[in-house]
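File shown here: query25.txt, holding compact mmCIF, C-alpha atoms.
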```txt
# COMPACT_ATOMS: atom_id res chain seq x y z
CA MET A 10 9.41 -6.77 -19.62
CA GLU A 11 12.80 -6.50 -17.93
CA LEU A 12 15.36 -3.71 -18.37
CA LEU A 13 18.88 -4.69 -19.38
CA VAL A 14 21.90 -2.48 -20.07
CA LEU A 15 25.33 -3.27 -21.52
CA GLY A 16 27.94 -0.56 -21.41
CA LEU A 17 31.48 0.77 -21.43
CA SER A 18 32.54 3.84 -19.48
CA HIS A 19 35.60 5.78 -18.34
CA LYS A 20 35.59 3.51 -15.28
CA THR A 21 35.81 0.23 -17.20
CA ALA A 22 37.42 0.87 -20.57
CA PRO A 23 40.37 2.93 -21.88
CA VAL A 24 39.79 5.56 -24.53
CA SER A 25 41.27 3.22 -27.17
CA ILE A 26 38.25 0.96 -26.66
CA ARG A 27 35.66 3.71 -26.15
CA GLU A 28 36.63 5.57 -29.30
CA GLN A 29 35.58 2.55 -31.37
CA TYR A 30 32.02 3.19 -30.12
CA ALA A 31 31.91 6.92 -30.89
CA LEU A 32 28.57 7.00 -32.71
CA ALA A 33 27.10 9.98 -34.53
CA ASP A 34 23.45 10.78 -33.78
CA GLU A 35 22.23 9.17 -36.99
CA ALA A 36 24.04 5.90 -36.09
CA LEU A 37 22.29 5.48 -32.72
CA VAL A 38 19.06 4.18 -34.22
CA ALA A 39 20.88 1.73 -36.50
CA ALA A 40 22.85 0.33 -33.55
CA ALA A 41 19.74 -0.01 -31.39
CA SER A 42 17.81 -1.60 -34.25
CA ARG A 43 20.60 -4.10 -34.90
CA ALA A 44 20.55 -5.18 -31.27
CA ARG A 45 16.81 -5.84 -31.53
CA GLU A 46 17.31 -7.94 -34.63
CA VAL A 47 20.08 -10.06 -33.12
CA ALA A 48 18.56 -10.63 -29.67
CA GLY A 49 14.86 -10.32 -30.42
CA CYS A 50 14.26 -7.55 -27.88
CA ARG A 51 11.12 -5.48 -28.25
CA GLU A 52 12.59 -2.09 -27.23
CA SER A 53 16.05 -0.53 -27.31
CA PHE A 54 18.06 2.67 -27.41
CA VAL A 55 21.76 3.60 -27.47
CA VAL A 56 23.57 6.52 -25.84
CA SER A 57 27.13 7.42 -26.89
CA THR A 58 29.31 10.13 -25.28
CA CYS A 59 33.07 10.62 -24.94
CA ASN A 60 32.98 8.88 -21.55
CA ARG A 61 30.39 6.13 -22.06
CA VAL A 62 28.41 4.11 -24.57
CA GLU A 63 25.43 2.05 -23.43
CA LEU A 64 22.91 -0.23 -25.09
CA TRP A 65 19.54 -0.27 -23.29
CA THR A 66 16.87 -2.89 -23.97
CA ALA A 67 13.56 -4.10 -22.59
CA CYS A 68 13.08 -7.82 -23.11
CA ASP A 69 11.10 -10.76 -21.78
CA ASP A 70 14.11 -12.68 -20.47
CA ALA A 71 17.30 -10.72 -19.83
CA ALA A 72 19.38 -13.80 -18.96
CA GLN A 73 18.44 -15.50 -22.22
CA THR A 74 19.25 -12.51 -24.45
CA ARG A 75 22.45 -11.41 -22.70
CA ALA A 76 24.85 -13.46 -24.86
CA GLU A 77 23.20 -12.31 -28.11
CA LEU A 78 23.30 -8.68 -27.01
CA ILE A 79 27.02 -8.88 -26.21
CA LEU A 80 27.62 -10.13 -29.75
CA ALA A 81 25.49 -7.28 -31.14
CA PHE A 82 27.34 -4.75 -28.99
CA ALA A 83 30.70 -6.06 -30.18
CA GLU A 84 29.50 -5.72 -33.75
CA VAL A 85 28.65 -2.03 -33.18
CA GLY A 86 32.28 -1.37 -32.17
CA ARG A 87 33.68 -3.60 -34.91
CA THR A 88 35.43 -5.76 -32.36
CA HIS A 89 35.18 -9.30 -30.93
CA ALA A 90 33.18 -10.28 -27.86
CA VAL A 91 36.31 -11.80 -26.28
CA GLN A 92 38.10 -8.43 -26.45
CA LEU A 93 35.01 -6.50 -25.33
CA THR A 94 33.85 -8.58 -22.35
CA PRO A 95 36.63 -7.62 -19.85
CA HIS A 96 35.60 -3.95 -20.19
CA LEU A 97 31.84 -4.51 -20.26
CA TYR A 98 29.32 -4.04 -17.46
CA VAL A 99 25.88 -5.64 -17.60
CA HIS A 100 22.92 -4.82 -15.34
CA HIS A 101 19.34 -6.04 -15.47
CA GLY A 102 16.13 -5.57 -13.52
CA GLN A 103 16.42 -3.42 -10.41
CA ALA A 104 20.20 -2.98 -10.87
CA ALA A 105 19.67 -1.63 -14.42
CA LEU A 106 17.03 0.80 -13.18
CA LEU A 107 19.31 2.09 -10.41
CA HIS A 108 22.15 2.49 -12.92
CA LEU A 109 19.90 4.51 -15.25
CA PHE A 110 18.88 6.84 -12.42
CA ARG A 111 22.54 7.29 -11.35
CA VAL A 112 23.69 8.05 -14.91
CA ALA A 113 20.90 10.59 -15.48
CA SER A 114 21.71 12.24 -12.13
CA SER A 115 25.43 12.49 -13.02
CA LEU A 116 26.49 10.25 -10.13
CA ASP A 117 28.37 7.96 -12.52
CA SER A 118 30.06 10.76 -14.51
CA LEU A 119 33.80 11.46 -14.73
CA VAL A 120 33.05 14.78 -12.98
CA VAL A 121 30.27 14.08 -10.50
CA GLY A 122 27.45 16.59 -10.85
CA GLU A 123 28.24 17.76 -14.40
CA PRO A 124 25.03 18.73 -16.22
CA GLN A 125 25.87 17.60 -19.76
CA ILE A 126 25.00 13.90 -19.38
CA LEU A 127 21.28 14.56 -18.83
CA GLY A 128 21.04 16.49 -22.11
CA GLN A 129 23.03 13.79 -23.91
CA LEU A 130 20.76 11.07 -22.53
CA LYS A 131 17.62 12.98 -23.55
CA ALA A 132 18.95 13.60 -27.06
CA ALA A 133 19.98 9.96 -27.60
CA TYR A 134 16.63 8.66 -26.38
CA GLU A 135 14.74 11.13 -28.57
CA HIS A 136 16.67 10.02 -31.67
CA CYS A 137 15.80 6.40 -30.96
CA ARG A 138 12.18 7.21 -30.10
CA ILE A 139 11.72 9.01 -33.43
CA GLY A 140 13.48 6.07 -35.09
CA GLY A 141 10.80 3.74 -33.73
CA VAL A 142 13.02 1.40 -31.70
CA THR A 143 11.91 2.34 -28.17
CA GLY A 144 8.65 1.40 -26.43
CA PRO A 145 6.47 1.84 -23.34
CA SER A 146 8.74 0.07 -20.84
CA LEU A 147 11.81 2.13 -21.73
CA HIS A 148 9.72 5.28 -21.99
CA ARG A 149 8.36 4.91 -18.44
CA ALA A 150 11.85 4.22 -17.08
CA ILE A 151 13.56 7.11 -18.91
CA GLU A 152 10.84 9.61 -17.97
CA ARG A 153 11.20 8.64 -14.30
CA ALA A 154 15.01 8.92 -14.64
CA PHE A 155 14.66 12.49 -15.93
CA ALA A 156 12.34 13.35 -13.02
CA VAL A 157 14.79 11.84 -10.50
CA ALA A 158 17.69 13.80 -12.03
CA LYS A 159 15.67 16.99 -11.69
CA ARG A 160 15.06 16.24 -8.01
CA VAL A 161 18.77 15.60 -7.45
CA ARG A 162 19.69 18.95 -9.04
CA SER A 163 17.08 20.89 -7.05
CA GLU A 164 17.31 19.12 -3.67
CA THR A 165 21.09 18.64 -3.36
CA GLY A 166 24.10 20.86 -4.02
CA ILE A 167 25.76 18.34 -6.31
CA GLY A 168 26.03 20.72 -9.28
CA LYS A 169 26.45 24.07 -7.58
CA SER A 170 30.25 24.30 -7.37
CA VAL A 171 32.45 24.51 -10.48
CA VAL A 172 35.23 21.91 -10.65
CA SER A 173 37.34 22.61 -13.76
CA ILE A 174 40.18 25.14 -13.83
CA SER A 175 38.56 27.05 -16.69
CA SER A 176 35.21 27.16 -14.90
CA VAL A 177 36.85 28.32 -11.67
CA ALA A 178 38.60 31.12 -13.59
CA VAL A 179 35.28 32.29 -15.07
CA ASP A 180 33.61 32.07 -11.68
CA LEU A 181 36.35 34.19 -10.05
CA ALA A 182 36.18 36.76 -12.86
CA ARG A 183 32.46 37.13 -12.29
CA GLN A 184 33.18 37.99 -8.67
CA ILE A 185 35.49 40.83 -9.78
CA PHE A 186 33.50 42.14 -12.75
CA ASP A 187 29.74 42.53 -12.64
CA SER A 188 29.42 41.16 -16.16
CA LEU A 189 31.78 39.56 -18.66
CA ASP A 190 29.99 41.09 -21.64
CA ARG A 191 32.00 44.32 -21.27
CA CYS A 192 35.34 42.58 -20.57
CA THR A 193 38.31 42.18 -22.89
CA VAL A 194 40.25 38.93 -22.46
CA LEU A 195 43.93 38.76 -23.37
CA LEU A 196 45.41 35.31 -24.00
CA VAL A 197 49.22 35.38 -23.70
CA GLY A 198 50.60 32.25 -25.36
CA ALA A 199 48.70 29.82 -27.54
CA GLY A 200 48.96 26.51 -25.69
CA LYS A 201 46.06 24.08 -25.22
CA MET A 202 45.30 25.00 -21.60
CA GLY A 203 45.29 28.72 -22.32
CA GLU A 204 43.17 28.24 -25.43
CA LEU A 205 40.66 26.18 -23.42
CA ALA A 206 40.39 28.90 -20.76
CA ALA A 207 39.96 31.62 -23.40
CA ARG A 208 37.30 29.54 -25.14
CA HIS A 209 35.49 29.24 -21.81
CA PHE A 210 35.48 33.01 -21.35
CA ARG A 211 34.16 33.52 -24.88
CA ARG A 212 31.41 30.99 -24.27
CA HIS A 213 30.38 32.87 -21.15
CA GLY A 214 30.04 36.20 -22.92
CA ALA A 215 33.44 37.93 -22.91
CA HIS A 216 33.17 40.98 -25.18
CA GLU A 217 36.53 40.83 -26.96
CA LEU A 218 39.49 38.45 -27.19
CA LEU A 219 43.11 39.36 -27.96
CA VAL A 220 45.71 36.62 -28.61
CA ALA A 221 49.40 37.47 -28.18
CA ASN A 222 52.10 34.98 -29.06
CA ARG A 223 55.78 34.94 -30.15
CA SER A 224 54.64 33.26 -33.37
CA PHE A 225 52.20 35.63 -35.03
CA ASP A 226 50.95 32.84 -37.32
CA ARG A 227 50.05 30.74 -34.30
CA ALA A 228 48.37 33.74 -32.65
CA ARG A 229 46.35 34.29 -35.82
CA ALA A 230 45.27 30.63 -36.02
CA VAL A 231 44.03 30.61 -32.40
CA ALA A 232 42.38 34.03 -32.76
CA GLU A 233 40.51 32.91 -35.86
CA ALA A 234 39.33 29.74 -34.11
CA LEU A 235 37.98 31.74 -31.14
CA GLY A 236 36.74 34.84 -32.94
CA GLY A 237 39.52 37.06 -31.58
CA HIS A 238 42.32 39.35 -32.79
CA PRO A 239 46.00 38.30 -33.14
CA ARG A 240 48.75 40.43 -31.66
CA GLY A 241 52.53 40.23 -31.28
CA LEU A 242 54.08 39.49 -27.89
CA ASP A 243 56.15 42.67 -28.20
CA GLU A 244 52.88 44.61 -27.66
CA LEU A 245 52.32 43.01 -24.26
CA GLU A 246 52.44 46.13 -22.07
CA SER A 247 50.06 48.14 -24.25
CA LEU A 248 47.73 45.12 -24.46
CA LEU A 249 47.59 44.95 -20.66
CA VAL A 250 46.21 48.49 -20.67
CA GLN A 251 43.33 47.34 -22.91
CA ALA A 252 42.59 44.02 -21.19
CA ASP A 253 40.49 43.28 -18.13
CA ILE A 254 41.25 39.55 -17.85
CA VAL A 255 44.67 38.13 -18.75
CA VAL A 256 45.28 34.41 -19.26
CA THR A 257 48.99 33.52 -19.44
CA SER A 258 50.15 30.15 -20.73
CA THR A 259 53.63 30.27 -22.29
CA GLY A 260 56.76 28.21 -21.87
CA ALA A 261 58.89 31.23 -20.95
CA PRO A 262 61.49 30.43 -18.24
CA GLY A 263 60.99 33.70 -16.34
CA TYR A 264 58.29 36.24 -15.57
CA LEU A 265 56.82 37.79 -18.73
CA VAL A 266 54.66 40.10 -16.63
CA THR A 267 56.75 41.95 -14.05
CA ALA A 268 55.76 44.12 -11.11
CA ALA A 269 57.35 47.21 -12.70
CA MET A 270 55.39 46.66 -15.90
CA VAL A 271 52.06 46.31 -14.07
CA ARG A 272 52.70 49.40 -11.92
CA ARG A 273 52.94 51.40 -15.14
CA VAL A 274 49.91 49.65 -16.58
CA VAL A 275 47.58 50.29 -13.61
CA LYS A 276 48.28 54.03 -13.80
CA ALA A 277 47.46 54.05 -17.50
CA ARG A 278 44.29 52.06 -16.73
CA LYS A 279 43.32 54.57 -14.02
CA TYR A 280 43.28 51.70 -11.54
CA ARG A 281 40.47 49.74 -13.18
CA PRO A 282 40.50 46.08 -11.96
CA LEU A 283 42.94 43.76 -13.70
CA PHE A 284 42.64 39.98 -13.27
CA PHE A 285 45.52 37.58 -14.09
CA ILE A 286 45.04 33.83 -14.55
CA ASP A 287 48.54 32.35 -14.69
CA ILE A 288 48.27 28.70 -15.69
CA ALA A 289 51.87 28.43 -16.93
CA VAL A 290 54.51 26.29 -15.22
CA PRO A 291 56.94 27.92 -14.58
CA ARG A 292 54.78 30.96 -13.84
CA ASN A 293 54.55 33.86 -16.30
CA VAL A 294 53.29 36.46 -13.79
CA ASP A 295 55.30 37.73 -10.82
CA PRO A 296 53.19 36.83 -7.72
CA VAL A 297 54.22 40.13 -6.09
CA ILE A 298 51.76 41.80 -8.46
CA ASN A 299 48.90 40.42 -6.38
CA SER A 300 49.73 43.00 -3.67
CA LEU A 301 48.92 45.93 -5.98
CA ASP A 302 45.58 47.69 -5.58
CA ASN A 303 42.80 46.32 -7.83
CA VAL A 304 45.10 43.69 -9.32
CA TYR A 305 44.32 40.00 -8.76
CA VAL A 306 46.63 37.08 -9.58
CA TYR A 307 45.71 33.40 -9.44
CA ASP A 308 48.17 30.70 -10.47
CA VAL A 309 47.42 27.09 -11.41
CA ASP A 310 47.77 25.86 -7.80
CA ASP A 311 45.25 28.46 -6.60
CA LEU A 312 42.76 27.42 -9.26
CA SER A 313 43.34 23.69 -8.69
CA GLY A 314 42.89 24.13 -4.94
CA ILE A 315 39.52 25.83 -5.42
CA ALA A 316 38.46 23.18 -7.95
CA ASN A 317 39.44 20.37 -5.55
CA GLU A 318 37.56 21.98 -2.66
CA ASN A 319 34.49 22.30 -4.85
CA LEU A 320 34.86 18.69 -6.01
CA ALA A 321 35.07 17.51 -2.39
CA GLY A 322 31.87 19.46 -1.72
CA ARG A 323 30.21 17.73 -4.66
CA HIS A 324 31.23 14.33 -3.34
CA ARG A 325 29.69 15.17 0.04
CA GLU A 326 26.48 16.18 -1.71
CA ALA A 327 26.67 12.99 -3.78
CA PHE A 328 25.98 10.93 -0.66
CA ALA A 329 22.60 12.63 -0.26
CA ALA A 330 21.96 12.24 -3.98
CA GLU A 331 22.78 8.50 -3.86
CA THR A 332 20.27 8.03 -1.03
CA LEU A 333 17.59 9.89 -2.99
CA VAL A 334 18.27 7.92 -6.18
CA ALA A 335 18.18 4.54 -4.39
CA ALA A 336 14.86 5.41 -2.75
CA GLU A 337 13.39 6.51 -6.09
CA ALA A 338 14.56 3.32 -7.80
CA SER A 339 12.99 1.19 -5.08
CA ARG A 340 9.78 3.20 -5.27
CA TYR A 341 9.62 2.88 -9.05
CA GLN A 342 10.15 -0.88 -8.85
CA SER A 343 7.35 -1.17 -6.28
CA ASP A 344 5.04 0.86 -8.52
CA LEU A 345 5.98 -1.31 -11.47
CA SER A 346 5.44 -4.49 -9.48
CA GLY A 347 2.04 -3.26 -8.34
CA HIS A 348 0.99 -2.55 -11.93
CA ALA A 349 2.27 -5.94 -13.08
CA ILE A 350 0.46 -7.96 -10.42
CA ALA A 351 -2.83 -6.01 -10.48
CA PRO A 352 -4.41 -8.07 -13.33
CA THR A 353 -3.64 -11.32 -11.48
CA LEU A 354 -5.17 -10.06 -8.21
CA ALA A 355 -8.26 -8.82 -10.06
CA ALA A 356 -8.63 -12.15 -11.89
CA LEU A 357 -8.24 -14.07 -8.63
CA ARG A 358 -10.93 -11.93 -6.95
CA ARG A 359 -13.32 -12.51 -9.87
CA HIS A 360 -12.63 -16.24 -9.71
CA ALA A 361 -13.30 -16.28 -5.95
CA ASP A 362 -16.56 -14.33 -6.39
CA THR A 363 -17.71 -16.78 -9.07
CA VAL A 364 -17.01 -19.77 -6.80
CA ARG A 365 -18.72 -18.06 -3.84
CA ASP A 366 -21.87 -17.23 -5.83
CA ALA A 367 -22.14 -20.77 -7.18
CA GLU A 368 -21.73 -22.33 -3.73
CA LEU A 369 -24.27 -19.97 -2.16
CA GLU A 370 -26.77 -20.84 -4.90
CA ARG A 371 -26.20 -24.56 -4.33
CA ALA A 372 -26.51 -24.21 -0.56
CA SER A 373 -29.69 -22.16 -0.90
CA LYS A 374 -31.35 -24.99 -2.83
CA ARG A 375 -30.25 -27.62 -0.30
CA LEU A 376 -31.27 -25.55 2.69
CA GLY A 377 -34.62 -24.48 1.33
CA GLY A 378 -36.84 -22.38 3.56
CA LEU A 379 -34.14 -20.01 4.88
CA ASP A 380 -35.50 -16.62 5.80
CA GLU A 381 -33.68 -13.37 4.86
CA LYS A 382 -31.80 -13.15 8.15
CA GLN A 383 -30.56 -16.74 7.92
CA ARG A 384 -29.52 -16.27 4.28
CA LYS A 385 -27.44 -13.19 5.19
CA ALA A 386 -25.78 -15.12 8.02
CA VAL A 387 -24.73 -17.87 5.58
CA GLU A 388 -23.41 -15.28 3.08
CA GLN A 389 -21.38 -13.54 5.79
CA LEU A 390 -19.93 -16.87 6.90
CA VAL A 391 -18.83 -17.76 3.35
CA ASP A 392 -17.51 -14.23 2.66
CA GLY A 393 -15.50 -14.23 5.88
CA ALA A 394 -13.86 -17.55 5.13
CA MET A 395 -13.13 -16.55 1.51
CA ASN A 396 -11.62 -13.18 2.49
CA LYS A 397 -9.35 -14.73 5.12
CA LEU A 398 -8.10 -17.24 2.59
CA LEU A 399 -7.52 -14.58 -0.10
CA HIS A 400 -5.86 -12.15 2.34
CA ASP A 401 -2.86 -14.44 2.82
CA VAL A 402 -2.67 -15.23 -0.90
CA PHE A 403 -2.85 -11.54 -1.88
CA SER A 404 -0.24 -10.51 0.71
CA THR A 405 2.17 -13.24 -0.40
CA LEU A 406 1.80 -12.32 -4.08
CA LYS A 407 2.27 -8.58 -3.41
CA ASP A 408 5.42 -9.23 -1.39
CA ALA A 409 6.76 -11.67 -3.96
CA ALA A 410 6.19 -9.19 -6.81
CA ARG A 411 9.01 -7.03 -5.37
CA THR A 412 11.53 -9.90 -5.46
CA ASP A 413 13.52 -11.43 -8.31
CA ASP A 414 11.42 -14.63 -8.34
CA GLY A 415 8.10 -12.80 -8.06
CA ALA A 416 7.15 -13.40 -11.68
CA GLU A 417 7.49 -17.17 -11.21
CA LEU A 418 5.24 -17.16 -8.13
CA VAL A 419 2.60 -15.03 -9.90
CA ALA A 420 2.67 -17.45 -12.85
CA ALA A 421 2.29 -20.38 -10.44
CA ALA A 422 -0.73 -18.72 -8.81
CA ARG A 423 -2.39 -18.24 -12.20
CA ARG A 424 -1.86 -21.92 -13.00
CA LEU A 425 -2.96 -23.09 -9.55
CA PHE A 426 -6.26 -21.18 -9.72
CA ARG A 427 -6.62 -21.73 -13.49
CA LEU A 428 -6.90 -18.01 -14.13
CA ASP A 429 -5.72 -18.25 -17.75
CA GLU A 430 -8.46 -20.63 -18.85
CA SER A 431 -11.03 -19.42 -21.38
CA LYS A 432 -13.58 -18.46 -18.73
CA GLU A 433 -11.21 -15.64 -17.70
```

As C-alpha cells, what does this structure read like?
Amino acid sequence: MELLVLGLSHKTAPVSIREQYALADEALVAAASRAREVAGCRESFVVSTCNRVELWTACDDAAQTRAELILAFAEVGRTHAVQLTPHLYVHHGQAALLHLFRVASSLDSLVVGEPQILGQLKAAYEHCRIGGVTGPSLHRAIERAFAVAKRVRSETGIGKSVVSISSVAVDLARQIFDSLDRCTVLLVGAGKMGELAARHFRRHGAHELLVANRSFDRARAVAEALGGHPRGLDELESLLVQADIVVTSTGAPGYLVTAAMVRRVVKARKYRPLFFIDIAVPRNVDPVINSLDNVYVYDVDDLSGIANENLAGRHREAFAAETLVAAEASRYQSDLSGHAIAPTLAALRRHADTVRDAELERASKRLGGLDEKQRKAVEQLVDGAMNKLLHDVFSTLKDAARTDDGAELVAAARRLFRLDESKE
C-alpha cells in the first residue's frame, strides 16, 4: 500500500479557492468515502482547516489512481479539475510521508510552530476512523506522525516564542502581573484588532473586561460578545483608575490618553502597575507616559518587533526540526520496507532449505557408506555454498526495498524462485 496526498494550502491557493473546501466535521467522512468510491482506494481521510484541505489515501498504485482522485477532490469543492489543478499539490510514497510529518509538526503552517494543526489533524483523523474509511496503513503513518510532532515540540524550541501581536501582549502582561485572573482589562475603541486582543486576554483568564467607545451601542455589542461591560468614552479617566491592562484601538487623530491624565490616575491607583497596549495608528497613548513609575506603554511597532524576533527564533529552530522530521521519515520508510520484504525473505529461506534437504538426501543415497564425519562435511559444504548465494540475494533485496523500484525487484525475485506457487 502506498500513501498519496492531494491538497491545497495557504502556499498554493488563495482563500477564494480554499473557502470552497471548508468542510464541517460531519462532511469529512463523506468526502473521504467519495474519494474511495471514485478511485477504488482502500483507505482515506480528509483534513480541512482555514489554511489547508488535504485528501489522504492508501492505495495499491498511486500513479494509476491520481487522475481519479483529482476528479473526486474537485467534486468535493464543487469545482472543475482544470480550475483546481494549478493550485493542487500531490505527493506519494516517501514524499507523502515526509509531508505528513511536516504538517503534523507545524513546519508547513502559516505560522511555523503553531500548536493548533496537530489537534486539527487528530480530530479529522478520528472522525474518519470512526466513520470506517481509514485502515492499517494510514493508522501506522498517522500514529508515527503524532509521535514525531511530539518529539519536535519537546526537543526543539519551535513553539516556545509567541508570534502574534495579541499573544505578545498577553505574554508581556504576564511579566508585569503575576496572574491575569485578578486583572481588569479596558478596551478603548471597538475595532477588529482591539477586539481580537481583548478576546485573547479573556481567553487567558482576565477577570473583568470593560469596553469604552464613542458609540455606546457598538461598545455594548462588543461587550456582549466578549462577556464584558459597556462604558462611554467620556468615562475614560475614571475607567483607567479601575483597569490594570488598557488596550487602545481608536481612529482618534490625537492622544486620547495624555500624560497629565495618567499622572492623576496613578495617584488615585496608589501607584499600582498600569499596562497600556496601544495598537492604534495614529497612536492613542502619549509615549511620554512610559517614563512614569509603574506605567508601561507598548505601541504596535514594539509588539510587532517582539513578534518578528520570536518568529525569527522559530525559523532558526525549524532547521533543527526539519532535520529531525527528515530522519524520522527515512527511518519509518526503512521500517516499513523491512516489514514488507520480510515474508519474501522468509519464503526464500524456506525454499532454499527445501532444495538443500532434497539434494543432501539424493547425495546420501548416491554416496552410500559415508560415516558421520563425512556426512557433516558434505552438509557444511552445501550450507556454505547456499548461504553465500543467498547472502548476495538478501542484501540486494533489502537495499532495493528502500528504493522506488524495490517492489518490482521483490516481485521479480518471487517469480524467479517460484515462491508464489502452491507449495509455498

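Using only C-alpha atoms for every distance, the candidate list A:Arg43, A:Lys397, A:Arg272, A:Arg183 yields A:Arg272 as the residue closest to Ser300 of chain A.
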
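Taking atom CA of Gly241 of chain A and atom CA of Tyr305 of chain A as the two end points, the separation is 24.0 Å.
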
Item to complete: Go through A:His101, A:Lys276, A:His96, A:His136 and flag the residue nearest Ala72 of chain A, using only C-alpha atoms for the distances.
Response: A:His101

Worksheet entry | Ref. answer, residues at most 8 Å from (9.6, 0.1, -22.3) with all atoms listed in the file, as an NGL selection string | :A and (10 or 12 or 52 or 67 or 143-150)

Fill in: Polymer residues at most 8 Å from (14.6, -1.1, -7.7) by only C-alpha atoms, as a PyMOL selection string
chain A and resi 102-104+106-107+335+337-343

Practice prompt. Write out as an NGL selection string which residues come within 9 Å of segment 224-238 of chain A when counting all atoms listed in the file, dropping same-chain ones fewer than 4 positions away.
Written response: :A and (198-199 or 204 or 207-208 or 211 or 217-220 or 242)

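The space separating atom CA of Asp180 of chain A from atom CA of Ala206 of chain A comes to 11.8 Å.
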
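The spacing separating atom CA of Ile286 of chain A from atom CA of Val121 of chain A amounts to 25.0 Å.
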
Discussion item. If we count all atoms listed in the file and set the cut-off at 8 Å, which residues sit around Val47 of chain A, ignoring sequence neighbours fewer than 6 positions away in its own chain? Please answer as a list of chain:residue names.
Written reply: A:Glu77, A:Leu78, A:Ala81

Item to complete: Quick one: everything within 8 Å of segment 109-118 of chain A, counting all atoms listed in the file, minus sequence neighbours fewer than 4 positions away in the same chain. Send it as an NGL selection string.
Response: :A and (60 or 105 or 122-124 or 126-127 or 130 or 151 or 154-155 or 157-159 or 161-162 or 327 or 330-331 or 334 or 338)

Worksheet item: Could you name the residues that touch segment 18-20 of chain A at 12 Å or less, counting only C-alpha atoms, but leaving out those on the same chain fewer than 2 positions away, as an MDAnalysis selection string?
Response: chainID A and resid 15:16 22:28 30:31 56:64 96:99 112 117:120
